[in-house]
Every structure is written in C-alpha cells, then in structure tokens.
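Q: Following this line is entry18.txt, made up of compact mmCIF, C-alpha atoms and all ligand atoms:
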# COMPACT_ATOMS: atom_id res chain seq x y z
CA MET P 1 2.71 34.93 7.10
CA ARG P 2 0.35 35.31 4.16
CA ILE P 3 -0.25 32.02 2.38
CA VAL P 4 -1.91 31.04 -0.88
CA LEU P 5 -3.00 27.41 -0.65
CA VAL P 6 -3.26 25.67 -4.02
CA GLY P 7 -5.23 22.41 -3.81
CA PHE P 8 -7.97 21.98 -1.22
CA GLY P 9 -8.22 18.19 -1.13
CA VAL P 10 -7.27 15.76 1.63
CA VAL P 11 -3.92 17.42 2.42
CA GLY P 12 -4.96 21.03 1.77
CA ARG P 13 -8.02 20.74 4.00
CA SER P 14 -6.08 18.95 6.75
CA PHE P 15 -3.56 21.78 6.64
CA ALA P 16 -6.36 24.36 6.98
CA GLU P 17 -7.79 22.42 9.95
CA LEU P 18 -4.36 22.32 11.61
CA ILE P 19 -4.02 26.09 11.30
CA LEU P 20 -7.36 26.44 13.09
CA GLU P 21 -6.42 23.98 15.83
CA GLU P 22 -2.77 24.85 16.33
CA GLY P 23 -2.91 28.61 15.65
CA PRO P 24 -2.28 29.87 19.21
CA LYS P 25 0.50 27.34 19.80
CA LEU P 26 2.26 28.23 16.54
CA ASP P 27 2.23 31.89 17.51
CA ARG P 28 3.37 31.26 21.09
CA HIS P 29 6.17 28.84 20.26
CA TYR P 30 7.39 29.96 16.86
CA GLY P 31 6.02 33.46 16.28
CA LEU P 32 4.20 31.97 13.29
CA ARG P 33 0.81 33.43 12.42
CA PRO P 34 -0.29 31.75 9.18
CA ARG P 35 -3.00 33.67 7.34
CA LEU P 36 -4.68 32.05 4.36
CA VAL P 37 -5.13 34.91 1.91
CA GLY P 38 -5.93 32.62 -1.00
CA ILE P 39 -7.35 29.14 -1.48
CA VAL P 40 -7.56 27.55 -4.92
CA ASP P 41 -9.12 24.32 -6.12
CA SER P 42 -9.87 23.08 -9.61
CA GLY P 43 -13.08 25.12 -9.77
CA GLY P 44 -11.89 28.56 -8.72
CA ALA P 45 -10.17 30.68 -6.10
CA ALA P 46 -11.06 32.60 -2.96
CA GLU P 47 -9.08 35.66 -1.88
CA ASP P 48 -9.07 37.92 1.16
CA GLN P 49 -6.01 39.89 2.25
CA GLU P 50 -7.39 40.04 5.81
CA GLY P 51 -7.37 36.25 5.91
CA LEU P 52 -10.08 33.92 4.67
CA ASP P 53 -12.51 32.42 7.17
CA ILE P 54 -11.06 28.91 7.30
CA ALA P 55 -14.03 27.30 9.02
CA LYS P 56 -16.32 28.73 6.34
CA ALA P 57 -14.02 27.51 3.56
CA LEU P 58 -13.98 23.98 5.00
CA LYS P 59 -17.75 23.97 5.42
CA SER P 60 -18.28 25.22 1.87
CA LYS P 61 -15.96 22.59 0.39
CA GLN P 62 -17.62 19.85 2.44
CA GLY P 63 -21.17 20.93 1.59
CA LYS P 64 -20.90 22.23 -1.98
CA GLY P 65 -17.69 20.56 -3.09
CA SER P 66 -16.48 24.08 -3.96
CA LEU P 67 -15.39 27.30 -2.25
CA GLU P 68 -18.48 29.12 -3.49
CA ASP P 69 -20.12 29.56 -0.08
CA ILE P 70 -17.24 31.71 1.13
CA GLY P 71 -19.17 34.51 -0.53
CA PRO P 72 -19.21 36.45 -3.80
CA GLU P 73 -16.86 39.18 -2.55
CA ALA P 74 -14.05 36.63 -2.04
CA TYR P 75 -14.78 33.79 -4.45
CA ALA P 76 -14.14 33.85 -8.17
CA LYS P 77 -15.37 30.80 -10.04
CA GLY P 78 -12.99 29.70 -12.78
CA ARG P 79 -10.06 31.74 -11.41
CA LYS P 80 -6.92 29.72 -12.12
CA ALA P 81 -4.13 28.84 -9.71
CA LEU P 82 -1.50 30.61 -11.83
CA ASP P 83 -3.45 33.85 -11.65
CA ALA P 84 -3.85 33.49 -7.87
CA ILE P 85 -0.15 32.69 -7.39
CA LYS P 86 0.97 35.67 -9.44
CA ASN P 87 -1.54 38.24 -8.26
CA ILE P 88 -2.46 37.55 -4.63
CA ASP P 89 0.09 39.22 -2.35
CA CYS P 90 1.66 36.57 -0.14
CA GLU P 91 4.91 35.30 1.33
CA VAL P 92 4.31 31.59 0.76
CA VAL P 93 2.56 29.33 -1.73
CA VAL P 94 1.59 25.86 -0.45
CA GLU P 95 1.19 23.47 -3.40
CA CYS P 96 -1.07 20.43 -2.84
CA THR P 97 -2.43 19.49 -6.28
CA PRO P 98 -2.35 15.89 -7.56
CA THR P 99 0.96 14.27 -8.49
CA ASP P 100 1.61 13.76 -12.20
CA LEU P 101 4.75 11.97 -13.27
CA LYS P 102 4.65 12.55 -17.01
CA LEU P 103 4.97 16.34 -17.09
CA GLY P 104 4.75 17.22 -13.39
CA GLU P 105 1.75 19.44 -14.13
CA PRO P 106 -0.09 21.44 -12.98
CA GLY P 107 2.23 21.58 -9.96
CA LEU P 108 5.40 22.29 -11.92
CA SER P 109 4.00 25.50 -13.43
CA HIS P 110 2.60 26.53 -10.04
CA VAL P 111 5.93 26.05 -8.26
CA LYS P 112 7.91 27.80 -11.01
CA ALA P 113 5.53 30.77 -11.08
CA ALA P 114 5.63 31.11 -7.29
CA LEU P 115 9.43 30.99 -7.12
CA MET P 116 9.80 33.45 -10.00
CA ARG P 117 7.43 35.78 -8.16
CA GLY P 118 9.69 35.61 -5.10
CA ARG P 119 7.32 33.48 -3.01
CA HIS P 120 8.61 30.77 -0.72
CA VAL P 121 7.08 27.41 -1.66
CA VAL P 122 5.98 24.42 0.39
CA CYS P 123 5.16 21.53 -1.90
CA THR P 124 3.61 18.17 -0.95
CA ASN P 125 3.18 17.30 -4.63
CA LYS P 126 5.94 14.93 -5.75
CA GLY P 127 5.49 15.52 -9.49
CA PRO P 128 7.42 18.79 -9.89
CA LEU P 129 10.31 17.48 -7.81
CA ALA P 130 10.50 14.08 -9.45
CA ILE P 131 10.73 15.77 -12.84
CA ALA P 132 12.75 18.93 -12.21
CA MET P 133 14.11 19.12 -8.66
CA PRO P 134 17.62 20.45 -9.46
CA ALA P 135 16.23 23.21 -11.70
CA LEU P 136 13.60 24.19 -9.13
CA LEU P 137 16.14 24.39 -6.31
CA GLU P 138 18.30 26.58 -8.50
CA LEU P 139 15.33 28.81 -9.31
CA ALA P 140 14.57 29.15 -5.59
CA GLN P 141 18.15 30.08 -4.84
CA HIS P 142 18.25 32.55 -7.71
CA ASN P 143 15.15 34.28 -6.32
CA SER P 144 16.41 34.12 -2.70
CA VAL P 145 13.46 32.08 -1.47
CA LEU P 146 13.04 28.64 0.06
CA LEU P 147 11.54 25.60 -1.62
CA LYS P 148 10.50 23.09 1.06
CA PHE P 149 9.01 19.65 0.48
CA SER P 150 9.09 17.65 3.74
CA GLY P 151 5.67 16.12 3.05
CA THR P 152 6.72 14.48 -0.20
CA VAL P 153 8.64 11.68 1.54
CA GLY P 154 7.39 9.84 4.62
CA GLY P 155 4.16 11.85 5.12
CA GLY P 156 4.60 13.24 8.62
CA THR P 157 7.79 11.29 9.38
CA PRO P 158 10.68 13.76 9.14
CA VAL P 159 12.80 11.64 6.83
CA LEU P 160 14.47 14.40 4.83
CA ASP P 161 15.41 16.78 7.60
CA PHE P 162 16.46 13.92 9.87
CA ALA P 163 19.00 12.82 7.27
CA LYS P 164 20.11 16.31 6.38
CA ARG P 165 20.45 17.71 9.88
CA CYS P 166 20.81 14.90 12.38
CA LEU P 167 23.33 12.95 10.30
CA GLU P 168 25.59 15.93 9.74
CA GLY P 169 29.22 14.89 10.08
CA SER P 170 28.49 11.29 9.06
CA THR P 171 29.01 9.89 5.58
CA ILE P 172 25.83 8.37 4.16
CA ARG P 173 26.99 5.45 2.03
CA SER P 174 23.60 4.31 0.84
CA ILE P 175 19.88 4.78 1.40
CA SER P 176 17.26 2.06 1.22
CA GLY P 177 13.63 2.29 2.09
CA ILE P 178 10.06 1.10 2.00
CA LEU P 179 8.58 4.32 0.77
CA ASN P 180 5.13 3.34 -0.46
CA GLY P 181 2.49 2.29 2.06
CA THR P 182 0.06 0.83 -0.48
CA SER P 183 2.46 -1.70 -1.98
CA ASN P 184 3.75 -2.57 1.48
CA PHE P 185 0.19 -3.18 2.67
CA VAL P 186 -0.48 -5.44 -0.32
CA LEU P 187 2.72 -7.45 0.28
CA SER P 188 1.98 -7.69 4.01
CA GLN P 189 -1.54 -9.01 3.33
CA MET P 190 -0.29 -11.53 0.78
CA THR P 191 2.35 -12.77 3.23
CA SER P 192 0.23 -12.93 6.39
CA LYS P 193 -3.04 -14.18 4.84
CA GLY P 194 -1.67 -16.24 1.99
CA ILE P 195 -3.86 -14.40 -0.55
CA GLU P 196 -3.07 -13.45 -4.15
CA MET P 197 -2.27 -9.90 -5.22
CA LYS P 198 -5.65 -9.11 -6.78
CA ASP P 199 -7.42 -9.94 -3.48
CA ALA P 200 -4.91 -7.99 -1.40
CA LEU P 201 -5.33 -5.04 -3.77
CA ALA P 202 -9.12 -5.22 -3.55
CA GLU P 203 -8.80 -5.04 0.25
CA ALA P 204 -6.44 -2.05 -0.01
CA GLN P 205 -8.94 -0.32 -2.28
CA LYS P 206 -11.81 -1.08 0.12
CA LEU P 207 -9.85 0.48 2.98
CA GLY P 208 -8.98 3.55 0.89
CA TYR P 209 -5.25 2.75 0.75
CA ALA P 210 -5.17 2.20 -3.01
CA GLU P 211 -6.53 4.16 -5.95
CA ALA P 212 -8.87 2.57 -8.51
CA ASP P 213 -5.82 2.55 -10.80
CA PRO P 214 -3.02 1.32 -8.53
CA THR P 215 -0.24 1.44 -11.17
CA TYR P 216 1.45 4.42 -9.58
CA ASP P 217 1.92 2.57 -6.26
CA ILE P 218 2.20 -1.05 -7.35
CA GLY P 219 4.37 -0.27 -10.35
CA GLY P 220 7.02 1.33 -8.10
CA PHE P 221 6.64 4.87 -9.50
CA ASP P 222 5.68 6.49 -6.21
CA THR P 223 8.67 4.84 -4.53
CA ALA P 224 10.89 6.11 -7.35
CA CYS P 225 9.68 9.72 -6.87
CA LYS P 226 10.46 9.60 -3.18
CA LEU P 227 13.83 8.03 -3.83
CA VAL P 228 14.75 10.80 -6.27
CA ILE P 229 13.71 13.51 -3.80
CA THR P 230 15.55 11.88 -0.89
CA SER P 231 18.72 11.19 -2.84
CA ASN P 232 18.88 14.68 -4.36
CA TYR P 233 18.24 16.36 -1.03
CA VAL P 234 20.41 14.19 1.19
CA LEU P 235 23.18 13.01 -1.11
CA GLY P 236 23.24 15.97 -3.48
CA THR P 237 22.58 13.90 -6.61
CA ALA P 238 20.74 15.46 -9.55
CA TYR P 239 18.37 12.62 -10.45
CA SER P 240 15.01 12.82 -12.11
CA ILE P 241 12.57 9.92 -12.17
CA HIS P 242 13.92 8.99 -15.63
CA ASP P 243 17.26 8.03 -14.01
CA VAL P 244 15.66 5.36 -11.80
CA ASP P 245 15.54 1.70 -12.78
CA ILE P 246 11.97 0.84 -11.75
CA GLN P 247 10.47 -2.59 -11.21
CA GLY P 248 7.23 -2.87 -9.21
CA ILE P 249 5.50 -5.73 -7.42
CA GLN P 250 2.90 -6.43 -10.11
CA ASP P 251 4.42 -9.74 -11.20
CA LEU P 252 4.84 -11.27 -7.74
CA SER P 253 2.82 -14.34 -6.87
CA ILE P 254 2.03 -15.90 -3.54
CA GLY P 255 4.50 -18.65 -4.48
CA ASP P 256 7.37 -16.12 -4.53
CA LEU P 257 6.47 -14.93 -1.05
CA GLU P 258 6.21 -18.46 0.29
CA LYS P 259 9.64 -19.35 -1.07
CA ALA P 260 11.07 -16.36 0.81
CA LYS P 261 9.21 -17.35 3.97
CA ALA P 262 10.74 -20.83 3.87
CA LYS P 263 14.17 -19.17 3.99
CA GLY P 264 13.22 -16.95 6.97
CA LYS P 265 12.84 -13.93 4.69
CA VAL P 266 10.17 -11.55 3.40
CA VAL P 267 9.79 -9.86 0.02
CA LYS P 268 9.63 -6.06 0.10
CA LEU P 269 9.50 -3.29 -2.50
CA ILE P 270 12.64 -1.31 -1.83
CA GLY P 271 13.95 1.94 -3.22
CA ARG P 272 17.73 2.00 -3.03
CA VAL P 273 20.48 4.48 -3.85
CA ASP P 274 24.04 3.19 -3.71
CA GLY P 275 25.78 4.78 -6.64
CA LYS P 276 22.70 4.25 -8.79
CA ALA P 277 18.99 4.60 -8.10
CA LYS P 278 16.78 1.54 -8.27
CA VAL P 279 13.33 0.37 -7.20
CA SER P 280 12.85 -3.39 -7.05
CA THR P 281 11.64 -6.24 -4.91
CA GLU P 282 14.22 -7.63 -2.52
CA MET P 283 14.28 -10.48 -0.04
CA ILE P 284 15.22 -9.29 3.44
CA ASP P 285 15.56 -11.11 6.77
CA ILE P 286 12.43 -11.24 8.91
CA ALA P 287 14.43 -9.50 11.67
CA HIS P 288 15.64 -6.70 9.36
CA PRO P 289 14.62 -3.21 10.59
CA LEU P 290 13.03 -2.49 7.19
CA ASN P 291 10.55 -5.32 7.75
CA VAL P 292 7.61 -3.07 8.66
CA SER P 293 4.09 -4.23 7.98
CA GLY P 294 0.88 -2.63 6.71
CA THR P 295 1.02 0.92 5.43
CA PHE P 296 4.12 1.88 7.40
CA ASN P 297 7.19 3.35 5.73
CA ALA P 298 10.76 2.71 6.83
CA ILE P 299 14.02 4.16 5.60
CA SER P 300 17.56 3.08 6.43
CA PHE P 301 20.67 5.22 6.12
CA ASP P 302 23.91 3.28 5.98
CA THR P 303 26.26 5.74 7.64
CA TYR P 304 29.93 5.93 8.50
CA PRO P 305 30.90 5.70 11.31
CA ALA P 306 27.52 5.28 13.05
CA GLY P 307 26.33 2.29 11.00
CA GLU P 308 22.77 1.66 9.90
CA ILE P 309 20.08 4.03 11.20
CA THR P 310 16.43 3.34 10.43
CA LEU P 311 13.44 5.63 10.73
CA VAL P 312 9.90 4.19 10.81
CA GLY P 313 6.59 6.04 10.61
CA LYS P 314 3.30 6.54 8.83
CA GLY P 315 4.17 7.38 5.25
CA ALA P 316 0.95 9.16 4.29
CA GLY P 317 -2.34 10.57 5.55
CA GLY P 318 -3.82 14.04 5.35
CA ARG P 319 -3.10 15.06 8.94
CA GLU P 320 0.39 13.58 8.93
CA THR P 321 1.32 15.33 5.70
CA ALA P 322 -0.22 18.59 6.92
CA SER P 323 2.03 18.41 9.98
CA SER P 324 5.03 18.38 7.65
CA ILE P 325 3.70 21.55 5.94
CA LEU P 326 3.68 23.21 9.35
CA ARG P 327 7.28 22.12 9.93
CA ASP P 328 8.28 23.68 6.62
CA LEU P 329 6.45 26.92 7.44
CA ILE P 330 8.22 27.14 10.79
CA GLU P 331 11.51 26.76 8.94
CA ILE P 332 10.53 29.52 6.51
CA ARG P 333 9.46 31.72 9.44
CA ARG P 334 12.90 31.23 11.03
CA SER P 335 14.55 32.34 7.80
CA PHE P 336 12.75 35.72 8.09
CA ALA P 337 14.72 36.42 11.25
CA ARG P 338 18.13 35.59 9.74
N1 LIG Y 401 -2.93 12.25 0.81
C1 LIG Y 401 -1.75 11.95 1.32
O1 LIG Y 401 -1.65 11.20 2.31
C2 LIG Y 401 -0.49 12.53 0.73
C3 LIG Y 401 0.74 12.32 1.39
C4 LIG Y 401 1.90 12.90 0.88
C5 LIG Y 401 1.83 13.64 -0.30
N2 LIG Y 401 0.63 13.79 -0.94
C6 LIG Y 401 0.60 14.59 -2.17
O2 LIG Y 401 -0.01 15.85 -1.89
C7 LIG Y 401 -0.79 16.27 -3.01
C8 LIG Y 401 -2.25 16.47 -2.57
O3 LIG Y 401 -2.76 15.23 -2.14
P1 LIG Y 401 -4.28 15.07 -1.72
O4 LIG Y 401 -4.42 13.72 -1.15
O5 LIG Y 401 -4.73 16.24 -0.95
O6 LIG Y 401 -4.99 15.11 -3.17
P2 LIG Y 401 -6.52 15.37 -3.49
O7 LIG Y 401 -7.35 15.05 -2.31
O8 LIG Y 401 -6.79 14.73 -4.79
O9 LIG Y 401 -6.60 16.98 -3.67
C9 LIG Y 401 -6.07 17.64 -4.78
C10 LIG Y 401 -6.58 19.06 -4.79
O10 LIG Y 401 -5.98 19.74 -5.89
C11 LIG Y 401 -7.00 20.47 -6.58
N3 LIG Y 401 -6.61 20.66 -7.97
C12 LIG Y 401 -6.49 19.75 -8.97
N4 LIG Y 401 -6.06 20.34 -10.10
C13 LIG Y 401 -5.93 21.66 -9.81
C14 LIG Y 401 -5.55 22.80 -10.56
N5 LIG Y 401 -5.22 22.72 -11.85
N6 LIG Y 401 -5.54 24.01 -9.94
C15 LIG Y 401 -5.89 24.13 -8.63
N7 LIG Y 401 -6.26 23.08 -7.87
C16 LIG Y 401 -6.28 21.86 -8.45
C17 LIG Y 401 -8.24 19.61 -6.44
O11 LIG Y 401 -9.38 20.42 -6.69
P3 LIG Y 401 -10.88 19.87 -6.48
O12 LIG Y 401 -11.07 19.81 -4.98
O13 LIG Y 401 -11.72 20.91 -7.11
O14 LIG Y 401 -10.93 18.53 -7.13
C18 LIG Y 401 -8.09 19.19 -4.98
O15 LIG Y 401 -8.61 20.20 -4.13
C19 LIG Y 401 -0.63 15.18 -4.08
O16 LIG Y 401 0.35 15.56 -4.98
C20 LIG Y 401 -0.20 13.95 -3.28
O17 LIG Y 401 0.59 13.06 -4.03
C21 LIG Y 401 -0.52 13.27 -0.44
Take the structure in this file and express it as structure tokens.
Ligand SMILES: NC(=O)c1ccc[n+]([C@@H]2O[C@H](COP(=O)([O-])OP(=O)(O)OC[C@H]3O[C@@H](n4cnc5c(N)ncnc54)[C@H](OP(=O)(O)O)[C@@H]3O)[C@@H](O)[C@H]2O)c1

A:
Amino acid sequence: MRIVLVGFGVVGRSFAELILEEGPKLDRHYGLRPRLVGIVDSGGAAEDQEGLDIAKALKSKQGKGSLEDIGPEAYAKGRKALDAIKNIDCEVVVECTPTDLKLGEPGLSHVKAALMRGRHVVCTNKGPLAIAMPALLELAQHNSVLLKFSGTVGGGTPVLDFAKRCLEGSTIRSISGILNGTSNFVLSQMTSKGIEMKDALAEAQKLGYAEADPTYDIGGFDTACKLVITSNYVLGTAYSIHDVDIQGIQDLSIGDLEKAKAKGKVVKLIGRVDGKAKVSTEMIDIAHPLNVSGTFNAISFDTYPAGEITLVGKGAGGRETASSILRDLIEIRRSFAR
C-alpha cells in the first residue's frame, strides 16, 4: 500500500514510527505492507516510489526540523502538499495537518484533491470533516474510494467504529460525551484542588495538555467538531459545526463547582446529540459513568433495547491517534480484497 503522508508533526511522526515497529506484524496478520512514498510538511516534500527511509526521515525532522536530510534526490524544498497528493502515485493519502475550524484549510483542499484523484483518505484532522463531512463522504463515494477518520474522535479509542459496528441492530437514541481532554483536565483540577480556572489552565499548559491559546478546547469548539463527526457517522445526520449550539467552560468559577459538589454532583463539558447538537456544561452525578477525570474521554450511547453503553479511553496523544490510522489502513486493505 503506497501512502503519501501529509503532515509530519506529532501524529504523522508517531504513525511513521508505528510502521517501523509494527511492520512485520501488519504484514503477517493483515497482509498490509504500508510503504511511505511521500512525506510532506510545511517546508517541502520527499518522494520515493520504492519507499522512503522512515528512520532517516524521522532523524532529519528531529535534527533539522525539516525533511532535507533525506537527500537531494528525494527532497524538494517548497513542494506543496497539493502537488504531492496529485502527482505522487499512491493508493492512500494520510492527512495530519493542523485543524482549522474557520475554513477547514489546508486539510479540506488536501482531502478533496486526494478523493478526486481516486486516492483513499485517512484523516486525523477534524477541520475538513467539521466543515464539510457530508460533501466529502459523497465525493469519496462518487470516486469509489474510502474516507476514514477514526482518529478524529477519541484518539486511539475506537469510538466511531464501536458505535457503527458493535451497536448494529440497536437504536441509538442519543449520544453524550466528554470529548475534549484539555477542558476535562482543567475541570478535574479545579474540582479536586479547589483552584481557579486560570491556575488549572496554567498547569495544563505546563504539562503540554493545552495550547498557548486554549480557546479551541476551553471554548467547546473541539468538542463540537467531534460531536458533528460522531453524529454524522453514527446517526446519519448532516451537521456541520455551524449547526452546533456551543457554550464552553470559560465562564465557570470555583464557586459553581463547589455548589455542584454540595449536591453530590460534578460539572462536566458535555457534547450531546438528542435531536439537536449541543455543547454545554452539565451537572452529572458523581457515580455517573461519564464522570472520568484528567485527560480521559468518555462517550455514552443511549441505546434501545440495551440501555446506556459507555466507552472510556485516552482521547488524544500521538501514538494513540497513530494506532487509529493503522486501524483505518487495515480497513482500506480489506476493501481491496472485496
Ligand atoms: N496530537 C494529537 O493527540 C491529536 C489527536 C487527534 C487528532 N489530532 C489532529 O491531527 C492533526 C495533526 O496533529 P499533530 O498533533 O500531529 O499536529 P502538529 O504536531 O502541529 O503537526 C502538523 C503537521 O502539519 C504540517 N503542516 C502544516 N501546514 C501544512 C501544509 N500546508 N502542508 C503540509 N504540511 C503542513 C506541519 O509542518 P511542519 O512540521 O513543517 O510545521 C506539521 O508537520 C491535527 O489536525 C490534530 O487536530 C491530533
């Protein structure tokens, strides 16, 4: 399977490392032999139809911050992702560039170009899906290729395929979840240590859980993206992020959390779909299965007739998200045999 990897940051590099580590097992168990024929970052692209030397690529990125040390025969400084996607022969494009929620770019153009070129796509970038998921799925279908995005929700926790496959035959009446580890960490710290949001946020930033500008997480936008993707995939809705009523945790004070505590409850940032899509803070019982602490994610499916089913796992992390890319590639590999 020839792959062009677009984005060589935390997730892209973890994915490359996993190919190195898991290569023999993937071949033995799934007949999957991933070959990176292209790697692109913001500075340029490397190409080799025989397969790029992954160890060399990782070393170059670590040392130089670029792919330059792969060598002049493979590396082209300034070569853009769109050019690589269109012109490097491959079966799959793996898209791991940063999430943008205004226009979904540059990921949206990358995904569109890949699908139109007849490439299967694995996307960990939430932007294109939050903005244009129904259109992208249609484009994939029209071009007879798969668009997979397991890593966009739950990191390595198989939220989407669990709901789609394992709950077959059940009616899913609603979905509710803690889908953003950063805001959950902040709320957990405020509750357990009795500290205000700015101090909890500073701690999250120190530990690398929060960006310098935490609006995307704290404002509820990341949760909204994941809600849109989950709802569209599992319930067949056609939402974009603009359809979600979004309220983050930015206005919560320690007093609000203490009031909840006095009633045997905790305050959580919850994404919920039950006829409409909403992100807001809710008070839940301490014993509720969604009451996970720290950076964990949890998602509950209210099903008929099986009742409430909750999945808990690490919602992010390079390695975790890379494992979901592998799952998607295995699925694409299986489709070759059909
Ligand atoms: N990290 C996680 O735990 C996690 C979990 C789930 C989903 N995701 C999503 O997965 C995606 C990747 O996350 P990440 O943590 O790996 O991000 P990251 O570390 O910031 O890496 C982003 C990569 O994209 C490259 N890039 C930026 N603009 C580009 C362009 N126009 N053309 C080609 N490459 C470009 C960057 O190049 P340079 O290296 O040259 O800067 C970098 O290599 C994001 O959308 C994120 O939301 C991340």

Q: List all protein, DNA and RNA residues that have at least one atom no more than 8 Å from any atom of ligand LIG 401 (chain Y), counting all atoms listed in the file, and write them as number ranges by chain.

A: P: 6-13, 40-44, 61, 65-66, 80-82, 95-100, 106-107, 123-127, 151-155, 315-321

Q: Could you work out an axis-aligned bounding box for all listed atoms of region 176-193 of chain P, with 8 Å added on each of the six sides, and give its centre and edge lengths in Å to one decimal, as JSON?

A:
{"center_x": 7.1, "center_y": -4.9, "center_z": 2.2, "size_x": 36.3, "size_y": 34.5, "size_z": 24.4}

Q: Rank P:Gln49, P:Thr310, P:Asn180, P:Ser293 by their smallest atom-to-atom distance to Gly220 (chain P), using all atoms listed in the file, and report the top residue only.

A: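 Among the listed residues, P:Asn180 lies closest to Gly220 (chain P).
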
Q: Fewer than 6 positions away in the same chain doesn't count, so skip those; otherwise give me all residues within 9 Å of Val92 (chain P), counting all atoms listed in the file, as a list in words.

A: Met1, Arg2, Ile3, Val4, Leu5, Ala114, Gly118, Arg119, His120, Val121, Val122, Leu329 and Ile332 of chain P

Q: Name the closest residue to Phe221 (chain P) among the candidates P:Met197, P:Ala113, P:Ala16, P:Ile249; distances are taken between atoms, counting all atoms listed in the file.

A: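 Result for the nearest residue to Phe221 (chain P): P:Ile249.
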
Q: Quote the spacing between CA of Asn232 (chain P) and CA of Phe336 (chain P) in Å to one decimal place.

A: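 Going from CA of Asn232 (chain P) over to CA of Phe336 (chain P), I get 25.2 Å.
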
Q: For a test of reading the model, state the distance in Å between CA of Ile286 (chain P) and CA of Lys265 (chain P), rounded to one decimal.

A: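 Distance between the two atoms: 5.0 Å.
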
Q: Would you mind reading off the distance between CA of Asp302 (chain P) and CA of Val273 (chain P), one decimal, in Å?

A: 10.5 Å
